[in-house]
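The next block is run17.cif, given as mmCIF, C-alpha atoms.
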```cif
data_work
loop_
_atom_site.label_atom_id
_atom_site.label_comp_id
_atom_site.auth_asym_id
_atom_site.auth_seq_id
_atom_site.Cartn_x
_atom_site.Cartn_y
_atom_site.Cartn_z
CA MET A 1 0.00 0.00 0.00
CA ARG A 2 2.82 2.45 0.80
CA ILE A 3 4.44 1.85 -2.59
CA LYS A 4 1.17 2.56 -4.36
CA GLN A 5 0.70 5.77 -2.34
CA LYS A 6 4.19 6.98 -3.24
CA ALA A 7 3.59 6.26 -6.92
CA VAL A 8 0.28 8.13 -6.92
CA LEU A 9 1.92 11.08 -5.15
CA GLY A 10 4.72 11.19 -7.73
CA TRP A 11 2.30 11.17 -10.61
CA PHE A 12 0.33 13.94 -8.96
CA VAL A 13 3.42 16.15 -8.56
CA LEU A 14 4.47 15.51 -12.17
CA ILE A 15 1.03 16.36 -13.51
CA SER A 16 0.97 19.55 -11.39
CA LEU A 17 4.33 20.70 -12.80
CA MET A 18 3.21 20.03 -16.35
CA LEU A 19 0.02 21.99 -15.83
CA GLN A 20 1.96 24.89 -14.31
CA SER A 21 4.40 24.96 -17.28
CA CYS A 22 1.55 24.95 -19.74
CA SER A 23 -0.07 27.84 -17.88
CA VAL A 24 3.14 29.91 -17.96
CA LEU A 25 3.63 29.13 -21.64
CA ALA A 26 0.07 30.17 -22.37
CA GLN A 27 0.57 33.41 -20.48
CA GLU A 28 3.77 34.14 -22.39
CA MET A 29 2.06 33.44 -25.68
CA GLN A 30 -0.66 35.88 -24.68
CA SER A 31 1.88 38.65 -23.49
CA PRO A 32 2.25 41.52 -26.01
CA THR A 33 5.57 42.25 -27.67
CA ILE A 34 7.07 45.66 -28.41
CA TYR A 35 5.95 45.25 -32.00
CA ASP A 36 2.41 44.58 -30.83
CA LEU A 37 2.51 47.81 -28.84
CA GLN A 38 3.86 49.67 -31.86
CA ALA A 39 1.15 48.20 -34.07
CA ASN A 40 -1.50 49.23 -31.54
CA ASN A 41 0.02 52.75 -31.35
CA ASP A 42 0.98 52.18 -27.71
CA VAL A 43 4.58 53.13 -28.54
CA GLN A 44 5.90 55.36 -31.31
CA ILE A 45 9.35 56.13 -32.66
CA SER A 46 10.42 58.86 -35.09
CA ALA A 47 13.66 60.45 -36.33
CA TRP A 48 14.48 63.65 -38.24
CA VAL A 49 17.20 66.21 -38.80
CA GLY A 50 16.83 69.97 -38.64
CA ASN A 51 13.35 71.40 -38.15
CA PRO A 52 10.77 68.59 -37.74
CA SER A 53 8.25 70.62 -39.76
CA ASN A 54 10.62 70.38 -42.76
CA ASN A 55 11.18 66.67 -42.50
CA GLN A 56 9.70 66.06 -45.94
CA GLY A 57 12.31 65.74 -48.69
CA VAL A 58 16.02 66.40 -48.41
CA THR A 59 17.22 68.99 -45.88
CA PRO A 60 20.31 70.97 -47.08
CA PHE A 61 23.21 71.75 -44.73
CA SER A 62 26.80 73.02 -45.08
CA VAL A 63 29.90 70.86 -45.13
CA ASN A 64 31.32 70.64 -41.56
CA GLN A 65 28.09 72.04 -40.13
CA GLN A 66 26.63 70.46 -37.02
CA VAL A 67 23.51 68.49 -37.97
CA ILE A 68 21.25 67.36 -35.13
CA LEU A 69 19.67 63.94 -35.60
CA ASN A 70 16.62 63.77 -33.32
CA ILE A 71 15.28 60.38 -32.21
CA GLU A 72 12.08 60.45 -30.20
CA VAL A 73 10.23 57.59 -28.47
CA ALA A 74 6.69 58.17 -27.14
CA THR A 75 4.10 56.10 -25.26
CA PRO A 76 0.66 56.95 -23.85
CA ARG A 77 1.67 55.15 -20.66
CA TRP A 78 5.20 55.40 -19.19
CA PHE A 79 8.74 54.13 -19.57
CA THR A 80 9.71 51.44 -17.13
CA GLY A 81 13.41 51.20 -17.98
CA GLY A 82 16.31 52.95 -19.61
CA THR A 83 16.50 53.55 -23.35
CA ARG A 84 19.61 52.69 -25.37
CA ILE A 85 20.54 54.07 -28.79
CA GLY A 86 22.45 51.78 -31.13
CA SER A 87 25.60 52.83 -32.95
CA ILE A 88 25.37 54.88 -36.15
CA GLU A 89 27.88 54.74 -38.99
CA ILE A 90 27.64 56.96 -42.07
CA PRO A 91 30.44 57.24 -44.66
CA ASN A 92 32.17 60.69 -44.68
CA VAL A 93 30.18 61.80 -41.63
CA ILE A 94 31.49 62.21 -38.06
CA VAL A 95 28.86 60.89 -35.63
CA LYS A 96 29.03 61.82 -31.96
CA GLN A 97 26.48 61.42 -29.17
CA ARG A 98 27.56 64.39 -27.06
CA ASN A 99 24.50 64.39 -24.80
CA GLN A 100 24.26 61.10 -22.91
CA LEU A 101 20.88 61.96 -21.37
CA ALA A 102 17.51 62.23 -23.09
CA THR A 103 15.08 65.09 -22.80
CA ASN A 104 11.96 63.78 -21.03
CA TYR A 105 8.65 65.60 -21.24
CA THR A 106 4.92 64.94 -21.49
CA GLU A 107 2.41 66.06 -24.08
CA ARG A 108 -1.39 66.05 -24.08
CA LYS A 109 -2.73 64.52 -27.30
CA ALA A 110 -6.34 63.50 -28.09
CA GLY A 111 -7.22 63.48 -24.44
CA GLN A 112 -4.23 61.29 -23.54
CA THR A 113 -0.99 62.19 -21.80
CA TRP A 114 2.00 60.94 -23.73
CA SER A 115 5.42 60.41 -22.20
CA ARG A 116 8.24 61.33 -24.59
CA GLN A 117 11.99 60.82 -24.67
CA ARG A 118 14.04 62.79 -27.20
CA TRP A 119 17.65 61.96 -27.96
CA GLU A 120 20.08 64.13 -29.96
CA ILE A 121 22.93 62.76 -32.08
CA THR A 122 25.31 65.29 -33.70
CA LEU A 123 26.41 64.65 -37.28
CA TYR A 124 29.23 66.49 -39.12
CA PRO A 125 29.32 65.85 -42.90
CA GLN A 126 32.86 66.11 -44.28
CA THR A 127 32.14 66.25 -48.00
CA SER A 128 29.48 67.56 -50.33
CA GLY A 129 26.70 65.19 -51.35
CA GLU A 130 23.61 63.38 -50.13
CA PHE A 131 23.71 61.25 -46.98
CA VAL A 132 21.36 58.60 -45.63
CA VAL A 133 21.07 57.87 -41.93
CA PRO A 134 20.31 54.11 -41.79
CA PRO A 135 17.63 52.70 -39.47
CA VAL A 136 18.81 53.18 -35.89
CA ALA A 137 18.15 50.48 -33.30
CA VAL A 138 16.55 51.83 -30.12
CA ARG A 139 16.03 49.47 -27.18
CA VAL A 140 13.12 50.57 -24.96
CA GLN A 141 11.07 49.27 -22.05
CA VAL A 142 7.53 50.52 -21.58
CA SER A 143 4.39 49.64 -19.68
CA ALA A 144 1.73 47.73 -21.68
CA PRO A 145 -2.02 48.38 -21.23
CA SER A 146 -2.17 45.09 -19.31
CA GLY A 147 0.29 46.51 -16.79
CA GLU A 148 3.18 44.35 -17.90
CA ASN A 149 6.67 45.64 -18.65
CA VAL A 150 7.50 45.12 -22.30
CA MET A 151 11.08 45.38 -23.54
CA GLY A 152 12.17 45.32 -27.17
CA THR A 153 14.08 47.03 -29.98
CA LEU A 154 12.51 49.55 -32.30
CA TYR A 155 14.03 50.87 -35.54
CA THR A 156 13.78 54.36 -36.98
CA ASP A 157 13.02 55.07 -40.61
CA PRO A 158 15.98 56.14 -42.80
CA VAL A 159 16.64 59.89 -42.78
CA VAL A 160 18.07 61.71 -45.79
CA PHE A 161 19.96 65.04 -45.80
CA SER A 162 22.47 66.76 -48.04
CA ALA A 163 25.54 68.96 -47.55
CA GLN A 164 27.31 71.44 -49.79
CA LEU A 165 30.02 74.11 -49.59
CA PRO A 166 28.48 77.23 -48.09
CA SER A 167 30.48 79.66 -50.25
CA GLY A 168 32.58 79.77 -53.39
CA LEU A 169 35.32 81.54 -51.39
CA ILE A 170 36.29 78.35 -49.60
CA SER A 171 37.38 74.93 -50.83
CA GLN A 172 36.81 71.38 -49.68
CA GLU A 173 40.44 71.02 -48.53
CA GLY A 174 40.70 74.44 -46.84
CA ASN A 175 41.41 74.94 -43.14
CA TRP A 176 37.98 76.21 -42.04
CA PHE A 177 34.99 75.09 -39.99
CA VAL A 178 31.34 75.94 -39.39
CA ALA A 179 29.97 77.35 -36.14
CA THR A 180 27.48 79.89 -34.85
CA ASP A 181 29.88 81.76 -32.55
CA VAL A 182 33.68 81.77 -32.06
CA ASN A 183 35.87 83.18 -29.29
CA VAL A 184 39.69 83.19 -29.35
CA SER A 185 42.14 83.90 -26.53
CA GLN A 186 45.94 83.91 -26.40
CA GLU A 187 48.45 83.78 -23.56
CA TRP A 188 52.25 84.27 -23.50
CA GLN A 189 54.51 82.95 -20.77
CA THR A 190 58.27 83.51 -20.38
CA SER A 191 60.70 81.57 -18.21
CA SER A 192 62.31 84.84 -16.98
CA ASP A 193 61.66 88.57 -17.12
CA GLN A 194 64.92 89.28 -18.95
CA LEU A 195 65.23 86.74 -21.73
CA HIS A 196 68.57 85.20 -22.65
CA ALA A 197 69.50 82.54 -25.15
CA GLY A 198 68.44 79.20 -23.68
CA ASP A 199 65.28 80.58 -22.04
CA ALA A 200 61.80 79.46 -23.10
CA ILE A 201 58.63 81.21 -24.28
CA THR A 202 55.28 79.42 -24.09
CA ARG A 203 52.41 80.37 -26.39
CA VAL A 204 48.89 79.18 -25.58
CA VAL A 205 46.01 79.64 -28.04
CA THR A 206 42.44 78.67 -27.15
CA ILE A 207 39.59 78.52 -29.68
CA GLU A 208 36.03 78.16 -28.40
CA ALA A 209 33.20 77.51 -30.87
CA ARG A 210 29.49 76.96 -30.48
CA ASP A 211 27.76 74.25 -32.52
CA SER A 212 30.98 72.69 -33.78
CA LEU A 213 33.37 69.87 -32.84
CA SER A 214 36.80 70.27 -31.27
CA ILE A 215 38.55 67.98 -33.78
CA LEU A 216 37.25 70.22 -36.59
CA LEU A 217 38.83 73.37 -35.15
CA PRO A 218 42.10 74.40 -36.88
CA ASP A 219 45.49 73.29 -35.59
CA LEU A 220 47.27 76.64 -35.71
CA LEU A 221 50.50 76.34 -33.73
CA GLN A 222 51.72 73.06 -35.21
CA THR A 223 50.96 74.29 -38.73
CA GLN A 224 52.79 77.54 -38.04
CA SER A 225 55.74 75.73 -36.45
CA ARG A 226 56.23 73.57 -39.55
CA ALA A 227 55.88 76.49 -41.96
CA ASP A 228 57.47 79.54 -40.32
CA GLU A 229 59.86 78.25 -37.69
CA ASP A 230 63.18 80.14 -37.70
CA LYS A 231 65.47 77.43 -36.34
CA SER A 232 68.37 79.89 -36.06
CA LYS A 233 66.29 81.87 -33.54
CA TYR A 234 64.30 79.20 -31.67
CA GLN A 235 63.26 75.57 -31.56
CA SER A 236 59.55 74.82 -31.14
CA TYR A 237 58.13 71.95 -29.11
CA PRO A 238 54.32 71.63 -29.54
CA MET A 239 52.46 70.12 -26.61
CA PRO A 240 49.51 67.70 -27.00
CA ASN A 241 46.29 69.56 -27.80
CA GLN A 242 43.50 69.66 -25.24
CA LEU A 243 40.11 68.93 -26.81
CA ASP A 244 36.84 69.40 -24.99
CA ASP A 245 33.25 68.97 -26.20
CA SER A 246 30.33 69.69 -23.88
CA GLN A 247 26.58 70.18 -24.00
CA VAL A 248 24.59 72.18 -21.51
CA ARG A 249 20.83 72.64 -21.96
CA GLY A 250 21.00 72.21 -25.71
CA ASP A 251 24.03 74.52 -26.07
CA TYR A 252 26.89 72.64 -27.74
CA GLN A 253 30.33 74.07 -26.95
CA SER A 254 33.71 72.94 -28.26
CA ARG A 255 37.15 74.03 -27.14
CA ARG A 256 40.62 73.43 -28.55
CA THR A 257 43.65 74.55 -26.52
CA GLU A 258 47.05 74.51 -28.19
CA LYS A 259 50.36 75.05 -26.43
CA ALA A 260 53.86 75.35 -27.88
CA VAL A 261 57.17 75.93 -26.07
CA TYR A 262 59.86 77.86 -27.95
CA VAL A 263 63.44 77.45 -26.72
CA LEU A 264 65.50 80.50 -27.72
CA GLN A 265 68.71 79.68 -29.58
CA ASN A 266 70.33 83.10 -30.16
CA GLY A 267 70.15 86.70 -29.05
CA GLY A 268 68.58 89.58 -30.89
CA LYS A 269 64.99 90.22 -31.91
CA VAL A 270 62.72 87.20 -32.18
CA ASP A 271 59.43 87.56 -34.07
CA PHE A 272 56.55 85.17 -33.60
CA PRO A 273 54.14 85.53 -36.53
CA GLN A 274 50.45 86.25 -36.33
CA LEU A 275 47.99 83.41 -36.86
CA SER A 276 44.74 83.45 -38.82
CA PHE A 277 41.90 81.15 -39.79
CA GLN A 278 38.48 81.34 -41.45
CA TRP A 279 35.12 80.05 -40.27
CA TRP A 280 31.64 80.05 -41.71
CA ASN A 281 29.03 81.72 -39.53
CA ALA A 282 26.01 79.43 -39.95
CA GLU A 283 23.82 81.87 -38.02
CA LYS A 284 24.62 84.91 -40.22
CA ASN A 285 25.54 82.97 -43.39
CA ARG A 286 28.88 84.70 -43.99
CA LEU A 287 32.57 83.86 -44.04
CA GLU A 288 34.59 85.43 -41.22
CA THR A 289 38.35 85.70 -40.67
CA VAL A 290 40.03 85.72 -37.26
CA VAL A 291 43.57 87.12 -36.84
CA ILE A 292 45.59 86.31 -33.72
CA ALA A 293 48.35 88.86 -33.08
CA GLY A 294 52.00 87.84 -32.99
CA ARG A 295 54.68 89.23 -30.69
CA GLN A 296 58.32 90.33 -30.76
CA TYR A 297 60.85 89.71 -27.98
CA GLU A 298 64.34 91.08 -27.36
CA VAL A 299 66.76 88.31 -26.36
CA SER A 300 70.22 88.85 -24.85
CA HIS A 301 73.20 86.81 -26.01
CA THR A 302 75.20 84.43 -23.88
CA LEU A 303 78.87 83.77 -24.72
CA GLN A 304 77.98 80.43 -26.27
CA SER A 305 75.08 81.81 -28.31
CA PHE A 306 77.19 84.78 -29.46
CA VAL A 307 79.93 82.47 -30.73
CA ARG A 308 77.34 80.22 -32.37
CA ALA A 309 75.51 83.14 -33.99
CA TYR A 310 78.64 84.85 -35.36
CA ALA A 311 80.83 81.81 -35.96
CA THR A 312 81.49 82.60 -39.63
CA PRO A 313 82.38 86.30 -39.15
CA LEU A 314 84.56 85.42 -36.17
CA LEU A 315 86.42 82.78 -38.17
CA LEU A 316 86.96 85.22 -41.04
CA PHE A 317 88.14 87.94 -38.65
CA GLY A 318 90.51 85.51 -36.96
CA ALA A 319 91.89 84.38 -40.31
CA LEU A 320 92.37 88.03 -41.33
CA LEU A 321 94.22 88.81 -38.09
CA LEU A 322 96.45 85.79 -38.60
CA LEU A 323 97.17 86.88 -42.17
CA VAL A 324 98.04 90.41 -41.04
CA ALA A 325 100.29 89.08 -38.27
CA LEU A 326 102.12 86.78 -40.69
CA SER A 327 102.48 89.63 -43.19
CA MET A 328 103.93 91.94 -40.54
CA PHE A 329 106.30 89.24 -39.40
CA ALA A 330 107.42 88.68 -43.00
CA ILE A 331 107.93 92.41 -43.57
CA VAL A 332 109.93 92.84 -40.38
CA ARG A 333 112.03 89.85 -41.22
CA TYR A 334 112.59 91.13 -44.78
CA PHE A 335 113.78 94.58 -43.73
CA ARG A 336 115.89 93.28 -40.88
CA GLN A 337 118.79 92.70 -43.31
CA ARG A 338 117.78 95.34 -45.87
CA PRO A 339 117.40 99.11 -45.81
CA LYS A 340 113.98 100.30 -44.86
CA PRO A 341 111.90 102.24 -47.42
CA GLU A 342 112.29 105.99 -47.38
CA TRP A 343 108.72 106.65 -46.33
CA TRP A 344 109.30 104.47 -43.27
CA GLN A 345 112.59 106.21 -42.49
CA LEU A 346 110.92 109.63 -42.85
CA HIS A 347 108.08 108.61 -40.54
CA GLN A 348 110.45 107.25 -37.88
CA LEU A 349 112.75 110.30 -38.00
CA ILE A 350 109.86 112.74 -37.68
CA LYS A 351 108.45 110.68 -34.84
CA LEU A 352 111.85 110.84 -33.07
CA ARG A 353 112.08 114.57 -33.94
CA GLU A 354 115.53 114.17 -35.47
CA TRP A 355 115.09 117.12 -37.81
CA GLY A 356 118.69 117.13 -39.06
CA LYS A 357 118.36 113.63 -40.38
CA VAL A 358 114.97 114.51 -41.83
CA ARG A 359 116.47 117.37 -43.81
CA THR A 360 119.30 115.10 -44.98
CA LEU A 361 116.72 112.55 -46.21
CA VAL A 362 114.87 115.26 -48.16
CA TYR A 363 118.13 116.51 -49.79
CA ARG A 364 119.08 112.97 -50.69
CA SER A 365 115.74 112.39 -52.38
CA LEU A 366 116.07 115.72 -54.21
CA ARG A 367 119.55 114.83 -55.44
CA SER A 368 118.47 111.37 -56.65
CA VAL A 369 115.51 112.79 -58.56
CA SER A 370 116.75 116.10 -59.98
CA GLY A 371 120.50 115.75 -59.66
CA ARG A 372 120.87 119.04 -57.75
CA LEU A 373 120.52 120.39 -54.24
CA GLU A 374 118.78 123.75 -54.89
CA VAL A 375 115.45 123.26 -53.22
CA SER A 376 113.89 126.47 -54.49
CA ARG A 377 114.66 125.63 -58.12
CA PHE A 378 112.95 122.21 -58.06
CA GLU A 379 109.57 123.72 -58.91
CA SER A 380 108.30 127.21 -59.66
CA SER A 381 104.84 126.84 -58.12
CA ASP A 382 103.86 129.17 -55.29
CA ASN A 383 103.12 126.31 -52.95
CA TRP A 384 106.54 124.77 -53.47
CA GLN A 385 108.28 128.12 -53.08
CA GLU A 386 106.50 128.71 -49.78
CA CYS A 387 107.47 125.25 -48.50
CA SER A 388 111.07 125.64 -49.65
CA GLN A 389 111.42 128.99 -47.85
CA ARG A 390 110.14 127.45 -44.62
CA PHE A 391 112.46 124.47 -45.15
CA LEU A 392 115.54 126.67 -45.77
CA SER A 393 114.72 128.83 -42.76
CA GLY A 394 115.10 125.74 -40.57
CA GLU A 395 111.46 125.49 -39.55
CA GLN A 396 110.81 122.15 -37.83
CA ASP A 397 107.39 121.33 -39.21
CA SER A 398 106.46 117.72 -39.98
CA GLN A 399 103.80 118.79 -42.51
CA VAL A 400 106.35 120.79 -44.53
CA MET A 401 108.81 117.89 -44.53
CA ARG A 402 106.19 115.36 -45.62
CA THR A 403 104.83 117.66 -48.37
CA MET A 404 108.25 118.28 -49.91
CA TRP A 405 109.25 114.62 -49.79
CA ARG A 406 105.99 113.54 -51.43
CA ARG A 407 106.33 116.15 -54.22
CA ILE A 408 109.85 114.95 -54.93
CA ARG A 409 108.85 111.31 -54.99
CA ALA A 410 105.89 112.14 -57.27
CA ARG A 411 108.33 113.71 -59.76
CA GLN A 412 110.37 110.50 -59.66
CA LYS A 413 107.30 108.40 -60.48
CA ARG A 414 106.44 110.61 -63.47
CA ILE A 415 109.94 110.22 -64.79
CA LEU A 416 109.88 106.44 -64.32
CA THR A 417 106.55 106.12 -66.15
CA LEU A 418 107.57 108.28 -69.12
CA PRO A 419 106.54 106.42 -72.33
CA ARG A 420 109.39 104.95 -74.35
CA ALA A 421 107.52 105.75 -77.54
CA LEU A 422 108.65 109.42 -77.23
CA PRO A 423 112.47 109.36 -77.28
CA GLN A 424 112.65 113.04 -78.20
CA LEU A 425 111.48 113.97 -74.72
CA ASP A 426 114.41 112.02 -73.20
CA LYS A 427 116.78 113.96 -75.41
CA LEU A 428 115.27 117.27 -74.43
CA GLU A 429 115.64 116.37 -70.76
CA GLN A 430 119.29 115.40 -71.27
CA SER A 431 120.04 118.64 -73.16
CA ARG A 432 118.37 120.64 -70.41
CA ARG A 433 120.53 118.98 -67.76
CA SER A 434 123.74 119.48 -69.75
CA HIS A 435 122.87 123.18 -70.24
CA GLN A 436 122.47 123.57 -66.51
CA ARG A 437 125.86 121.95 -65.87
CA ASN A 438 127.52 124.35 -68.34
CA LYS A 439 126.06 127.34 -66.52
CA ARG A 440 127.65 126.14 -63.32
#
```
Show me this structure written as structure tokens.
Amino acid sequence: MRIKQKAVLGWFVLISLMLQSCSVLAQEMQSPTIYDLQANNDVQISAWVGNPSNNQGVTPFSVNQQVILNIEVATPRWFTGGTRIGSIEIPNVIVKQRNQLATNYTERKAGQTWSRQRWEITLYPQTSGEFVVPPVAVRVQVSAPSGENVMGTLYTDPVVFSAQLPSGLISQEGNWFVATDVNVSQEWQTSSDQLHAGDAITRVVTIEARDSLSILLPDLLQTQSRADEDKSKYQSYPMPNQLDDSQVRGDYQSRRTEKAVYVLQNGGKVDFPQLSFQWWNAEKNRLETVVIAGRQYEVSHTLQSFVRAYATPLLLFGALLLLVALSMFAIVRYFRQRPKPEWWQLHQLIKLREWGKVRTLVYRSLRSVSGRLEVSRFESSDNWQECSQRFLSGEQDSQVMRTMWRRIRARQKRILTLPRALPQLDKLEQSRRSHQRNKR
């Protein structure tokens, strides 16, 4: 009897479990899915770009302009769990979900209160053309009319928009961007108040733009460093850029901070050029140019930088000094065993104020040139006659001595350079000299 009771009890438990499973399965088969709710208009999903009232057709935008893709989920009941947006990939479009939270609000429609969640995805087309946003998967959890929580994935309809260059003044490859407002600030920092070679100057440029993306803002300092760097004046060391994108109450702000350190190599004036970029004002539909002022610094030399800066002139000057020293040594050595030139003897005698020897040197030059010792008869000019009178009177004047010696030596040069093609002049000179000897 006990065995039969145990068998009956086992069968009873097994039948109970089977009935319970069938009941659960029946309930699950009767539970609505997310697609059932969508078909019954208990949950809605929509997507658009730009103004929702202009969602028909293709909406035009500018290349690099921020395009807001709106995804909205609505239910006449309420959301019972978090909503997740699937990834979006569009060729030649930068996609970024900058706002991680949805905008929740309610709306009264046909006597019903609808709960709505709106998500914003920012798109940045990089080229001209037409773009298609593919169906986006959105995982939601809402309350069904039966009171159950229903979870599932909804898909948006494809969204089409186009982009084109906003102006013929800019090109596809140009360094520009689109925004609705731009602010620029600049800061200079020096390692010391009085700059010397080896010190450092830091330049910080910050660009803030509304309704743009930080990676689209121009890279000014690195571009300028590659193009305009004067390596003889400084070496530039760009620091990593600081990029920041934020969203506060529907206001999208982007910031790009660039920093470069310039190590000064030499003294003198160092010029850092001005920077400029262009941006398209999507709010006013015009192209604007921003110019960031440069700056000039005065840098003092160190001994090392001075030698490095003027190495070539210093080497040439040193070589010239060495050449002059060797030339002087050769001249001194040459005249050590030979008589010194007359101009040197005259200079030394005047310097020593040995006027007797000076007069002897002048007479000797006169005798070698003219063959006579009458000073007054060497020339008939008034200037020579005045000098000869002062010379014969014994006046000790260095200027008189130098003038007479130079005039005598000039006569000697004219005689030495007399052309040989005129022999009759030589004969006349010889006859004149012989006539003077006869008179004596």
(request) Name the residues that the PyMOL selection byres ((chain A and resi 392-403) around 12) pulls out of this structure, and write them as an NGL selection string. (result) :A and (342-363 or 365 or 373-376 or 383-391 or 404-410)
Export of prior selection with C-alpha atoms as a short mmCIF file (atom, residue, chain, number, x, y, z; two decimals), in the frame of the given file:
```cif
data_model
loop_
_atom_site.label_atom_id
_atom_site.label_comp_id
_atom_site.auth_asym_id
_atom_site.auth_seq_id
_atom_site.Cartn_x
_atom_site.Cartn_y
_atom_site.Cartn_z
CA GLU A 342 112.29 105.99 -47.38
CA TRP A 343 108.72 106.65 -46.33
CA TRP A 344 109.30 104.47 -43.27
CA GLN A 345 112.59 106.21 -42.49
CA LEU A 346 110.92 109.63 -42.85
CA HIS A 347 108.08 108.61 -40.54
CA GLN A 348 110.45 107.25 -37.88
CA LEU A 349 112.75 110.30 -38.00
CA ILE A 350 109.86 112.74 -37.68
CA LYS A 351 108.45 110.68 -34.84
CA LEU A 352 111.85 110.84 -33.07
CA ARG A 353 112.08 114.57 -33.94
CA GLU A 354 115.53 114.17 -35.47
CA TRP A 355 115.09 117.12 -37.81
CA GLY A 356 118.69 117.13 -39.06
CA LYS A 357 118.36 113.63 -40.38
CA VAL A 358 114.97 114.51 -41.83
CA ARG A 359 116.47 117.37 -43.81
CA THR A 360 119.30 115.10 -44.98
CA LEU A 361 116.72 112.55 -46.21
CA VAL A 362 114.87 115.26 -48.16
CA TYR A 363 118.13 116.51 -49.79
CA SER A 365 115.74 112.39 -52.38
CA LEU A 373 120.52 120.39 -54.24
CA GLU A 374 118.78 123.75 -54.89
CA VAL A 375 115.45 123.26 -53.22
CA SER A 376 113.89 126.47 -54.49
CA ASN A 383 103.12 126.31 -52.95
CA TRP A 384 106.54 124.77 -53.47
CA GLN A 385 108.28 128.12 -53.08
CA GLU A 386 106.50 128.71 -49.78
CA CYS A 387 107.47 125.25 -48.50
CA SER A 388 111.07 125.64 -49.65
CA GLN A 389 111.42 128.99 -47.85
CA ARG A 390 110.14 127.45 -44.62
CA PHE A 391 112.46 124.47 -45.15
CA MET A 404 108.25 118.28 -49.91
CA TRP A 405 109.25 114.62 -49.79
CA ARG A 406 105.99 113.54 -51.43
CA ARG A 407 106.33 116.15 -54.22
CA ILE A 408 109.85 114.95 -54.93
CA ARG A 409 108.85 111.31 -54.99
CA ALA A 410 105.89 112.14 -57.27
#
```
(message) Restricting the calculation to only C-alpha atoms: of A:Thr75, A:Gln247, A:Ser254, A:Asn183, which residue gets closest to Gln100 (chain A)?
(response)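 Ranked by minimum distance to Gln100 (chain A), first place goes to A:Gln247.
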(request) For CA of Ser192 (chain A) and CA of Val299 (chain A), determine how far apart the two atoms are, in Å to one decimal place. (result) 10.9 Å
(message) Please enumerate the residues selected by the PyMOL selection byres ((chain A and resi 130) around 8) when evaluated against the supplied file, formatted as a VMD selection string.
(response) chain A and resid 128 to 129 131 to 132 160 to 163
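Nearest residue to Glu148 (chain A), choosing from A:Ser167, A:Thr33, A:Thr180, A:Ser276 and counting all atoms listed in the file: A:Thr33.
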(request) Would you write out, as JSON, numbers by chain, every residue that the PyMOL selection byres ((chain A and resi 120-123) around 12) captures in this file? (result) {"A": [47, 48, 49, 50, 61, 62, 63, 64, 65, 66, 67, 68, 69, 70, 71, 72, 73, 85, 86, 87, 88, 89, 90, 91, 92, 93, 94, 95, 96, 97, 98, 99, 100, 101, 102, 103, 117, 118, 119, 124, 125, 126, 131, 132, 133, 136, 161, 162, 163, 211, 212, 213, 245, 246, 247, 249, 250, 251, 252]}
Could the residues in this selection be saved with C-alpha atoms as a compact mmCIF listing (two decimals), in the coordinates of the input?
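What landed in out.txt:
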```
# COMPACT_ATOMS: atom_id res chain seq x y z
CA ALA A 47 13.66 60.45 -36.33
CA TRP A 48 14.48 63.65 -38.24
CA VAL A 49 17.20 66.21 -38.80
CA GLY A 50 16.83 69.97 -38.64
CA PHE A 61 23.21 71.75 -44.73
CA SER A 62 26.80 73.02 -45.08
CA VAL A 63 29.90 70.86 -45.13
CA ASN A 64 31.32 70.64 -41.56
CA GLN A 65 28.09 72.04 -40.13
CA GLN A 66 26.63 70.46 -37.02
CA VAL A 67 23.51 68.49 -37.97
CA ILE A 68 21.25 67.36 -35.13
CA LEU A 69 19.67 63.94 -35.60
CA ASN A 70 16.62 63.77 -33.32
CA ILE A 71 15.28 60.38 -32.21
CA GLU A 72 12.08 60.45 -30.20
CA VAL A 73 10.23 57.59 -28.47
CA ILE A 85 20.54 54.07 -28.79
CA GLY A 86 22.45 51.78 -31.13
CA SER A 87 25.60 52.83 -32.95
CA ILE A 88 25.37 54.88 -36.15
CA GLU A 89 27.88 54.74 -38.99
CA ILE A 90 27.64 56.96 -42.07
CA PRO A 91 30.44 57.24 -44.66
CA ASN A 92 32.17 60.69 -44.68
CA VAL A 93 30.18 61.80 -41.63
CA ILE A 94 31.49 62.21 -38.06
CA VAL A 95 28.86 60.89 -35.63
CA LYS A 96 29.03 61.82 -31.96
CA GLN A 97 26.48 61.42 -29.17
CA ARG A 98 27.56 64.39 -27.06
CA ASN A 99 24.50 64.39 -24.80
CA GLN A 100 24.26 61.10 -22.91
CA LEU A 101 20.88 61.96 -21.37
CA ALA A 102 17.51 62.23 -23.09
CA THR A 103 15.08 65.09 -22.80
CA GLN A 117 11.99 60.82 -24.67
CA ARG A 118 14.04 62.79 -27.20
CA TRP A 119 17.65 61.96 -27.96
CA TYR A 124 29.23 66.49 -39.12
CA PRO A 125 29.32 65.85 -42.90
CA GLN A 126 32.86 66.11 -44.28
CA PHE A 131 23.71 61.25 -46.98
CA VAL A 132 21.36 58.60 -45.63
CA VAL A 133 21.07 57.87 -41.93
CA VAL A 136 18.81 53.18 -35.89
CA PHE A 161 19.96 65.04 -45.80
CA SER A 162 22.47 66.76 -48.04
CA ALA A 163 25.54 68.96 -47.55
CA ASP A 211 27.76 74.25 -32.52
CA SER A 212 30.98 72.69 -33.78
CA LEU A 213 33.37 69.87 -32.84
CA ASP A 245 33.25 68.97 -26.20
CA SER A 246 30.33 69.69 -23.88
CA GLN A 247 26.58 70.18 -24.00
CA ARG A 249 20.83 72.64 -21.96
CA GLY A 250 21.00 72.21 -25.71
CA ASP A 251 24.03 74.52 -26.07
CA TYR A 252 26.89 72.64 -27.74
```
